[in-house]
Each structure stands twice: as C-alpha cells, then as structure tokens.
Amino acid sequence: MSSDAHALTHDHAGEHAPPRGLMRWITTTNHKDIGTMYLVLSLIMFFVGGAMAMVIRAQLFRPDMQLVTPLFYNQMATMHGLIMVFGAVMPAFVGLANWMIPMMIGAPDMALPRLNNWSFWILPFAFTLLLITLFLPGGGPQGGWTMYVPFNLQLGYGFPFMIFAIHLMGISSVMGAINIIATILNMRAPGMTLMKMPLFVWSWLITAYLLIAVMPVLAGGVTMQLLDRYFGTHFFSVAGGGSPILWEHVFWFFGHPEVYIMILPAFGILSEIIPTFARKPIFGYHSMVYALASIAFLSFIVWGHHMFVVGMPVAADLFFMFATMLIAVPTGIKIFNWVATMWKGSLTFETPMLFAVAFIVLFTIGGFSGVMLALVPADFQYNNSYFVVAHFHYVLVTGAVFAIMGAVYYWLPKWTGHMYNEFWGKTHFWLSAISANVLYFPMHFLGLAGMPRRVPDYPVQFANLNMVASIGGFVFGLSQLIFVAVIFSCVRAGKKAEARAWEGAHGLEWTLPSPAPYHSFATPPEVA
Amino acid sequence: MVTKRRTIGGVLPILGTLTAALAFLPAPVRAASEYNLPYGVTPISHAVYRLHMLAFWMMCGIGVVVFGLIFYSIVFHRRSRHPVPAKFHENTVLEIVWTIIPFFILVVLAVPAARLLLRMENLRHPQLTVRITGYQWLWRYTYPRYGINVYSRLSNPSLASVHYGRHLSPYAVPHYLRSVTHPMVLPTGEKIRLLVTGGDVIHAWWVPDFGLQVDGNPGLINAMWIKILKPGVYRGACNQICGWGHGYMPVVVVAKPPAQFLAWVRRWRAAHHGPGAGDFTPKPL
C-alpha cells in the first residue's frame with residue numbers, strides 16, 4: 001500500500017506533466033481538463049442556442065415582423081431546443097461531474113479516463129453535424145425538438161445529419177454515464193459509504209442511471225425514423241400499418257426522464273450551495289436521497305402527460321395524471337428541505353447563494369404550472385400553448401441554468417485559484433433574474449389567452465405581452481456577456497482563493513489547494 | 001388607412017404585467033382576457049375554467065406559504081441578524097408532515113379533475129357529427145349528415161399582409177391571422193361530436209372558447225364533443241407544428257341557432273351542389 005502510494009507520488013511529480021498546446025486538450029485523460037472542455041463547449045453552445053433565441057424573440061417583437069421566413073423561424077425554434085438541451089445543459093452538468101465528482105469522493109481521476117476523453121471529443125463533431133443542417137438544401141430540423149412524425153420525415157437533406165448527430169450525442173452521454181457510475185461505485189475514498197456521499201454525487205449517480213436507461217430509447221427511435229425514410233420500413237407510417245403515435249410514445253418515454261436528467265444534478269448543486277452559505281448542514285439528507293430516487297423512478301411512468309391531447313384512453317389519461325401529480329410530493333420534500341436548511345442559519349448572499357435562492361423560488365413557480373399542466377381537462381387548454389413554454393423555461397432556465405451558473409460561481413475559486421469579481425457576479429445575477437422573469441412570466445398570460453407555441457407570427461391581441469417578453473429576452477441575452485467576462489477575468493487574475501474558498505464549505509474538494517492540482521488525491525483521504 | 005395605433009401601447013405592458021395578477025380574479029364580467037383562460041361558451045369550457053382557477057388559487061396559497069418562509073429566512077436569518085447558525089439537520093415528524101399534506105392537497109385537485117375528464121369523454125348521444133381534417137395548411141369540415149364539405153383556409157386580407165410586405169398593418173386587417181375563407185358553421189345548443197384526424201401530418205384543432213384541443217393524427221380518429229351555449233364567432237388555430245404554414249391555419253367557428261344553421265346548410269348545398277340541392281332530407285343519425 002505505502003509503496004503504491006509512493007509510486008504514484010513519484011509519477012506525477014516527474015515526467016507526467018501534461019503536454020503543452022493543442023495536443024494537451026486532444027489527448028488528455030485528466031478529469032479536470034475534460035471537465036473544463038465540457039464546460040467551455042457548454043458555454044459556447046449556450047450562446048449559439050441563445051443567438052437563436054434572440055432571432056425568435058426579435059421575430060416575435062411585434063406582429064407581422066417578417067424578420068425571417070416562417071421556414072427559418074421553425075428551424076430556429078427547433079435548433080434552439082436541441083442545442084440548449086443537448087449542447088448547453090447536459091454537457092454543463094457532465095463537465096461539473098467530471099471536475100467535481102473525483103474531488104468530492106477522494107478519487108484521483110475518473111474510473112475510465114480514455115473513455116472520458118472519447119465521450120467528450122465526440123460532441124464537437126455531433127454539434128457540427130447538427131449545425132451544418134442549417135446550410136443544406138431544405139434547411140435544418142423544423143418540427144420542434146420533439147421531432148414528431150410524419151412531419152419530421154418531410155425534412156430536406158438535413159434529416160440524416162440530425163439523426164446521426166443525435167446518435168453521437170447519445171453515445172457520448174451513455175459513455176459519460178457509465179464512467180460516472182463506475183467512478184462513484186468503485187473509487188470512493190475509504191470510509192465514504194454511499195450514505196455519506198455529497199448530494200451532488202448522489203444526484204449524478206441517479207442521473208447517470210437515467211441516462212443509460214433512456215438515451216438508447218431515443219437512439220432506437222431516431223433509427224426507426226431513419227429506416228422509415230430510407231429503407232422502406234413503416235414504423236410510423238399509417239399506410240404501412242405503423243403509427244405516428246408510436247413515435248410520440250417512444251420519444252416521451254425518453255423525453256420525460258430526459259427533463260429530469262436536466263434537473264436532478266441541479267438539485268444536487270443546490271444541496272451543496274445552500275448549506276455552505278447557510279453555515280448549517282443540509283436538512284434531511286436521507287430524505288433528500290430518497291426523494292431523488294423516487295423522482296427518478298416516477299419519471300419513467302409519467303411520459304403520457306405530454307400526450308393528453310393525442311387521444312389516449314381515459315384510463316391512461318387518469319393514470320398519467322395521478323402519477324404526474326405524485327411527483328409534486330418528492331419535489332416538495334426537496335424544496336422544504338432546502339428552506340429548512342436556510343431556516344435559522346447564518347445566511348450570506350454571495351453570487352452562488354443568490355442563484356440558489358432564486359432557483360428555489362423560480363423553480364417552484366415552474367412546479368406550480370407543472371401541477372396545473374398535469375390536470376388533464378385543464379391541459380386540453382394549456383397544451384402546446386405559451387403556458388407550456390413559460391413552464392419549461394421556468395424549470396430549465398431559472399431552474400437548471402441558474403443552478404449551473406450558481407455552481408460555476410461556487411467552484412470557480414477551486415478551479416482557477418482566484419476569487420471572481422463579486423460585484424459583477426451579483427450584477428450578472430440581478431440582471432439575469434429580473435430579465436428572465438420579464439421574459440418568461442408574460443408567457444403564462446399569452447398561453448392562457450390562447451397563443452400557440454412555435455408560430456412565427458400572431459394576432460394583434462398578443463402584441464403587448466410579446467413585446468415585453470422580447471425586451472426581457474434581449475436583456476437576458478446581453479446579461480450573459482457579463483457572465484463570460486467574469487469567468488475570463490477570474491481565470492486570468494483575481495484575489496487569491498484559499499483552499500476553503502467559502503468559510504461554510506465542507507467536503508473533500510475544499511481540502512485541496514486552490515487551484516486544485518492537476519493530479520489530486522493520488523493517495524485517498526480517510527473519511528471519518 | 002389605419003396606422004399602428006397600438007404600438008405606443010408597447011410602453012404600458014410592463015405596468016400591465018405587474019398588475020396582471022389582478023386579471024386572474026374570477027371576474028363577474030367575463031370578457032375575453034389578455035391574461036387568463038377564456039370562460040368560454042361551452043359547459044366544458046366553464047368547468048375547465050373553474051378547475052383552472054381552483055388550481056391557480058391553490059398554487060397561490062402554497063406559494064404564499066413557501067415564499068413567505070423563504071423571505072422570512074432571507075430577512076431574519078441573515079448573518080447580520082442571526083450570526084450563530086442553529087445545528088439541527090433533521091426532524092422526522094416535520095418531514096412526515098410535509099410529505100402527507102401535499103399529498104392531500106393533490107387529492108383535492110385530482111378528484112374534480114378526474115370527474116371533469118370523465119364528463120368530457122362521455123360521447124354518448126350526439127345530435128350532430130362533424131369530421132375535421134387538418135392539412136398543410138388548411139382545415140376541412142365534413143358534415144356527413146348533410147353531405148357538405150367546407151374547406152377553410154386563411155382569408156385574403158391576412159394573407160395580403162403576410163405575403164406582400166407591409167402594405168397593410170396587421171392592426172388594419174380585421175382579425176389578423178384569425179379569419180378564414182369559409183368558417184365552420186355549427187348549431188348552438190346541440191351536443192356535437194367532433195371527429196378529428198390529419199390528412200398529411202399531425203395537426204391540432206384548438207378553440208380556446210370551447211375549452212379543448214384535439215390532435216388530428218393521420219390514420220387515426222379522435223373524438224370529442226362540444227355544446228355551444230351562445231351564438232357567435234369563435235376563433236382558434238392549429239396547435240401542433242406542421243411546417244411552413246403552421247402559424248397560418250386558423251380555426252373559425254360560427255355558431256348559429258339550429259334553425260339558422262339549417263338555413264345555412266340549405267344555402268350551402270344550393271350554392272355548391274346545384275339549385276335543387278337545397279331541399280333535401282338529412283341522413284338519419
């Protein structure tokens with residue numbers, strides 16, 4: 001044992017310094033390098049998808065805008081969804097997992113470092129394939145990120161590119177998930193039992209199982225589309241005995257766990273940030289773990305709530321309605337536990353905490369509209385309206401994205417060795433939080449008043465609120481430039497960060513110096 | 001020529017948004033709201049509206065409690081006021097309580113929702129059946145009993161504004177993007193069964209005033225029923241992305257009392273099936 005440890009120490013002190021230049025990044029198997037690359041890719045994709053959102057909001061600024069053609073508008077709406085889901089939110093969480101999980105469980109690296117390199121480097125090619133479609137005859141995907149058939153089969157030359165891009169993203173996600181599970185189950189420091197793991201690690205363990213369970217379903221589904229289009233099968237064609245509804249079931253069987261894949265790690269992040277700035281241990285650790293697990297389980301049996309107007313039997317409608325409403329219980333437990341963690345703490349509001357508190361409030365608003373959407377009769381009105389758009393932007397932007405931003409501010413000192421600029425961090429927060437509400441809150445009203453989603457133009461009675469939403473959207477988009485500036489300046493310089501950058505922080509990652517050394521925990525720490 | 005008389009109104013909506021919660025009040029005068037579901041003109045839409053308001057107020061109540069606690073904690077448990085944090089990190093009784101109470105709140109919502117759903121799905125004894133088929137990008141309304149086919153697409157004034165640049169302000173077009181060449185005509189007071197399907201890709205037929213939307217899936221038929229209580233013109237749109245023209249296939253329904261509806265049927269038949277076709281015997285139900 002001791003000679004092993006000696007060998008490792010010897011190793012990393014000597015000839016194993018990283019190569020310099022581009023080759024460092026292409027050949028790296030280091031979890032910190034790969035985590036950084038995931039996060040940078042995610043940030044780039046956030047701006048690519050964000051630029052598309054700006055086109056959407058500009059087109060909807062007032063009725064009859066005619067800034068882009070309806071065809072291009074549909075491509076923007078579709079690509080915005082695909083890019084934000086697969087390019088911005090998911091890689092950000094995988095990047096955080098790469099950086100933090102080994103450091104949080106006292107492991108030297110991920111369990112499968114070469115697989116790790118591969119699962120990242122697939123992604124730039126996947127997104128190149130996807131973005132190329134915009135320049136092909138017939139344009140990019142136009143049927144929404146849900147890719148409903150038969151319409152999706154009418155696409156131009158971009159169709160197979162989109163399918164293969166999704167295959168690649170799926171392969172990358174599954175490999176990443178396998179790696180995370182292998183790391184968590186095998187490489188924890190001695191003494192760290194499962195029920196002593198930080199909640200961020202727990203949330204990712206469960207998320208990784210969700211990924212392995214559902215990404216192959218999506219891959220299979222899009223392959224069926226490919227076969228239908230080019231190889232004469234009739235999975236989704238009524239004329240050949242298939243059914244377009246089959247696609248909707250396959251897609252949402254993937255799609256609902258997918259939206260939880262995008263929120264469970266956010267729950268984990270919150271459970272790290274809030275105790276730190278409340279200076280008080282997380283309330284109800286065990287129930288937090290059980291709530292995560294039950295949310296994950298329920299996510300597999302609620303996909304039908306996306307399909308209430310598709311025409312399902314009453315019994316199915318009722319089942320999916322009840323199962324969906326049940327999710328509010330474990331989600332409520334999480335919210336209450338966070339509030340109880342804050343309760344009688346000694347709170348300070350640095351930027352990560354601001355994002356975390358905003359998450360609790362705004363995600364809960366998204367949860368409220370979620371419960372309303374679960375009511376089948378009311379969903380016959382809400383479905384596919386801007387009410388739905390408001391709902392999922394509250395849970396995904398002011399939910400998942402705010403959690404990611406909070407996490408970046410929280411761990412930047414550990415990554416870079418510098419404190420970020422608190423003034424600009426807070427400015428970024430307040431601009432984002434206010435503008436996001438100006439952007440998304442009016443969408444509730446638009447949807448209730450009858451505005452369908454995915455339309456390039458609208459009747460004049462929706463003009464005022466759309467203008468408000470667009471203004472909010474532009475401010476939100478511009479505010480994110482501050483985020484980039486804060487990150488850049490923090491990487492380059494800043495006040496020196498201590499090992500325990502936040503006085504209330506606990507966890508193994510804070511026992512390492514800041515910035516974390518290239519190789520950490522070559523000798524596992526003892527966890528009491 | 002009417003110019004954009006409401007663009008200045010673009011300054012007001014911020015105020016409008018802030019005060020919008022007021023619009024959620026179950027208004028005694030149920031005019032079409034810019035901020036809320038329409039009360040509608042069918043028994044189902046009324047029930048849906050009430051369910052929606054029940055859910056909305058319950059969510060508001062929960063929000064007041066949860067956000068109140070968060071706000072209280074933010075104000076009174078900040079370090080400047082509360083420098084020494086407490087140490088507690090679990091309380092089994094509390095955790096059981098906040099698992100069970102939400103469960104019962106959900107039951108309170110689920111019961112009326114389930115009852116209403118069963119009522120909506122009761123398709124027995126319709127007095128009229130109309131088949132609705134969505135195409136890229138128009139609607140077809142078929143009345144099997146009267147042998148009538150109505151093709152309904154976006155009407156010309158809206159089209160002019162869409163296709164030929166800015167010759168017309170959308171404010172100058174009556175019902176911009178919500179008017180059609182030939183509306184669907186339905187009788188009031190009768191239980192009407194709607195059979196909805198898609199001719200090419202998936203469409204969705206949605207009229208907010210009727211409190212429902214139905215997907216039109218190619219090769220499958222969805223059934224729903226409505227009973228319109230008030231004569232009038234009701235407008236909606238396709239609500240499932242179906243391509244280039246998805247935003248340009250509105251639904252317009254003109255509801256007339258039964259006698260006038262039958263007169264319309266006769267006029268339509270005479271106009272489209274020859275002068276003698278106005279006199280006819282409807283096929284039995």
# chains A, B, ... in the order shown; residues from 1 in each chain; ligands from 1
call {"tool": "interface_residues", "arguments": {"of": "chain A", "to": "chain B", "cutoff": "7 Å", "atoms": "only C-alpha atoms", "output": "number ranges by chain"}}
result
A: 63-64, 70-71, 143, 150-151, 238, 279-284, 309-311, 318, 325, 329, 333, 339, 342-348, 361, 368, 372, 375-378, 380-381, 384, 442, 445-446, 448-450, 452, 454-460, 464-465, 467-468
call {"tool": "select_by_dssp", "arguments": {"residues": "stretch 28-191 of chain B", "states": "alpha helix (DSSP H)", "output": "VMD selection string"}}
result
chain B and resid 43 to 76 92 to 120 156 to 163
call {"tool": "atom_distance", "arguments": {"atom1": "atom CA of A:Met90", "atom2": "atom CA of A:Ile171"}}
result
13.2 Å
call {"tool": "residues_around", "arguments": {"residues": "A:Thr78", "least_positions_apart": "4", "cutoff": "12 Å", "atoms": "only C-alpha atoms", "output": "count of residues only"}}
result
33
call {"tool": "residues_around", "arguments": {"residues": "B:Pro231", "least_positions_apart": "5", "cutoff": "7 Å", "atoms": "only C-alpha atoms", "output": "VMD selection string"}}
result
chain B and resid 188 255 to 257
call {"tool": "write_last_selection", "arguments": {"atoms": "C-alpha atoms", "output": "mmCIF file, in the first residue's frame"}}
result
data_model
loop_
_atom_site.group_PDB
_atom_site.id
_atom_site.type_symbol
_atom_site.label_atom_id
_atom_site.label_comp_id
_atom_site.auth_asym_id
_atom_site.auth_seq_id
_atom_site.Cartn_x
_atom_site.Cartn_y
_atom_site.Cartn_z
ATOM 1 C CA THR B 188 -75.935 26.133 -30.773
ATOM 2 C CA ALA B 255 -72.285 29.236 -34.054
ATOM 3 C CA LYS B 256 -75.909 29.838 -35.091
ATOM 4 C CA PRO B 257 -79.224 28.806 -33.569
#
call {"tool": "atom_distance", "arguments": {"atom1": "atom CA of A:Ile263", "atom2": "atom CA of A:Val395"}}
result
7.9 Å
call {"tool": "atom_distance", "arguments": {"atom1": "atom CA of B:Gly134", "atom2": "atom CA of A:Phe320"}}
result
27.1 Å
call {"tool": "residues_around", "arguments": {"residues": "B:Leu186", "least_positions_apart": "5", "cutoff": "9 Å", "atoms": "only C-alpha atoms", "output": "PDB file with C-alpha atoms, in the first residue's frame"}}
result
ATOM      1  CA  VAL B 130     -68.688  16.814 -37.916  1.00  0.00           C
ATOM      2  CA  ILE B 192     -71.897  17.957 -31.394  1.00  0.00           C
ATOM      3  CA  ILE B 228     -72.075  25.706 -27.739  1.00  0.00           C
ATOM      4  CA  VAL B 253     -66.346  28.647 -35.920  1.00  0.00           C
ATOM      5  CA  VAL B 254     -69.631  30.467 -36.453  1.00  0.00           C
ATOM      6  CA  ALA B 255     -72.285  29.236 -34.054  1.00  0.00           C
ATOM      7  CA  LYS B 256     -75.909  29.838 -35.091  1.00  0.00           C
ATOM      8  CA  PRO B 257     -79.224  28.806 -33.569  1.00  0.00           C
ATOM      9  CA  PRO B 258     -80.400  25.465 -35.060  1.00  0.00           C
ATOM     10  CA  PHE B 261     -77.845  26.611 -39.027  1.00  0.00           C
TER      11      PHE B 261
END
call {"tool": "residues_around", "arguments": {"residues": "A:Leu67", "least_positions_apart": "5", "cutoff": "9 Å", "atoms": "only C-alpha atoms", "output": "PyMOL selection string"}}
result
chain A and resi 55+58-59
